[in-house]
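Beneath this line is the structure, given in structure tokens, with notes to follow.
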Amino acid sequence: MLQAVGDVREGFICPQCHQDMSTMEMLQVHFQDIHMKQSSSTVKGLFSFAKQKIKSVQDNFTNIPNEQTNNYAQYFSSDQNDSSSKPQQIGYIRSYTDRFKKERKAQHDQISIETTRLLLRIEKLISTGENIPKNANTKERRKYEQDIVEWIDDTKVTLCPSCAKSFSLSRRKHHCRLDGFVICDPCSRFLLFSKARYLIEPSTSSLPNGLSLQHSNSLTSLNSTTADDSACKDRTNNEDYLRICLSCQKVLQRRYDQICFKNTQRDEVFVCYEKIVEAKKILDEIHPTYSTMIESLLIGDTKYQIVDAQKLYRQLSTCYDKIDSTSKYISKLADSCLNIDEDDTQSIIRYSALCRNMRMYAIHVLQNFAISTRRVPSEDDVKRAREERKRLIEERIESERAAKAELASRIPLTDSPAVKKKEVSGWRPTIDRNLLVQAQELNPLVQQVYQVTEYIRQAQIAGRLDEVESLKLNLKELEQALNNAQQQENVSTFDS
């Protein structure tokens, strides 16, 4: 019987009968004589023997009501409803995108500062003038270079920082003209003045000897801009140069790659795609204004005219045609693949898929705008909409007049001799007849303002403070409603 998990035994114990053997030899003899003679001589017997052992271990773990064994029993559970067999849900996640952007921005800023510093030093070192010494005069030139860039004391440097080799008679010390570090001759490069001017102002200067700056399969190295020792020494008599280290060459190489990338001729498919993006941007700007204009015309508003809507519709149609024709041309480029080698099948497949995806994107854009774009209504439709709007305004005015007359009939006349005053308990405000006569031809809202104002005056005389506060709130709401009505009336008058 298998012992409980909580019972720990040490020694040379048989894995089946759990008998304690004193030595390894006795355990081997015991296992071979007793247990190996069971039905395990064949492969089938070995599998059945293994199944029995696994089943016995599983039963032992699941049958023992021990808290420790229950933790192991979950791994032998075959229940389909067991929570451990269900797919695990995604827990809490953390995004490092912002941190990555922050680190990348800091790194790019450092590279930009370093590049700018080197370019400023190069500009000072290659400047020409009467008082600036040439490379031929070594002492004066070195003094001029040390005034611009501080050189490190070469007596304190025993190893080259690039190759970590000791300086000797055969490995002399040299100073980088851009950062002042001490380097050996194999770890230094020569930057010609003409190439340095190109790095500073690529638009105004050009590389001599017809050197092209176009990208190939392997990017053009700055070695074409910085010459080797032998080549530069041959050209020392013809052109000045600067000795730089490998780290400065790496920074200038990055600058050179950026210039080459900007001057590289782009593929035609990308130029066409930029035209599609530009046309879509114009659509996004014009389409909301056009939709608002059509809505205004259809409700009979006179803020816009049909001519304005037709002008915007022509602009939208031009953008539609530009997107459609350009995307069709891109789909034709998928069949030609002019700039790709015929043997490069993978590049051809990717290029064709890219062109087809651009065409599908253009179709999707056109469909979305076509669904949400309505045609310009005709003059008859606009005329009918405006007549309907005019009819509704007249009906509203007529209803306001009827409401005003009904209000006048319901207001009691306090100073009329025909009306007999009733004795009532309490207090209530009344309105003067003269005020009613003056307000009969006014807007109903104006009449109510006058009435509430008179009620407030009477309530203040009577000492009804609660009524005064309530009436002031009503007066404030009436004034707000009156202002809104006047603004709408002014807009309608301006449109007509």
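Chain lettering (A, B, ...) mirrors the order of the structure tokens, residue numbering begins at 1 for each chain separately, and ligand numbering begins at 1 in order of display.
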Q | Distance query stretch 13-15 of chain A at most 10 Å, only C-alpha atoms, self and fewer than 2 positions along chain excluded, as a VMD selection string | A | chain A and resid 2 9 to 11 17 to 24 27 to 28 30 to 31 35
For stretch 291-344 of chain A versus stretch 380-401 of chain A, which residues have an atom no more than 8 Å away, and what is each residue's nearest atom pair and distance in Å rounded to one decimal, using only C-alpha atoms, chain-then-number order, as a Markdown table?
```
| residue | atom | partner | partner_atom | distance |
| --- | --- | --- | --- | --- |
| A:Leu297 | CA | A:Val382 | CA | 6.1 |
| A:Leu298 | CA | A:Ala385 | CA | 6.0 |
| A:Ile299 | CA | A:Ala385 | CA | 5.8 |
| A:Gly300 | CA | A:Arg386 | CA | 3.9 |
| A:Asp301 | CA | A:Arg386 | CA | 6.7 |
| A:Thr302 | CA | A:Arg386 | CA | 7.9 |
```
Name all residues at most 12 Å from stretch 165-169 of chain A (count only C-alpha atoms; drop same-chain ones fewer than 4 positions away) and give them as a PyMOL selection string. chain A and resi 154-161+173-174+182-187
Quiz item: Excluding same-chain residues fewer than 2 positions from A:Ser291, what lies within 12 Å of it counting only C-alpha atoms, as a ChimeraX atom specification?
Solution: /A:283-289,293-298,304,308-310,312-313,316,369,371-377
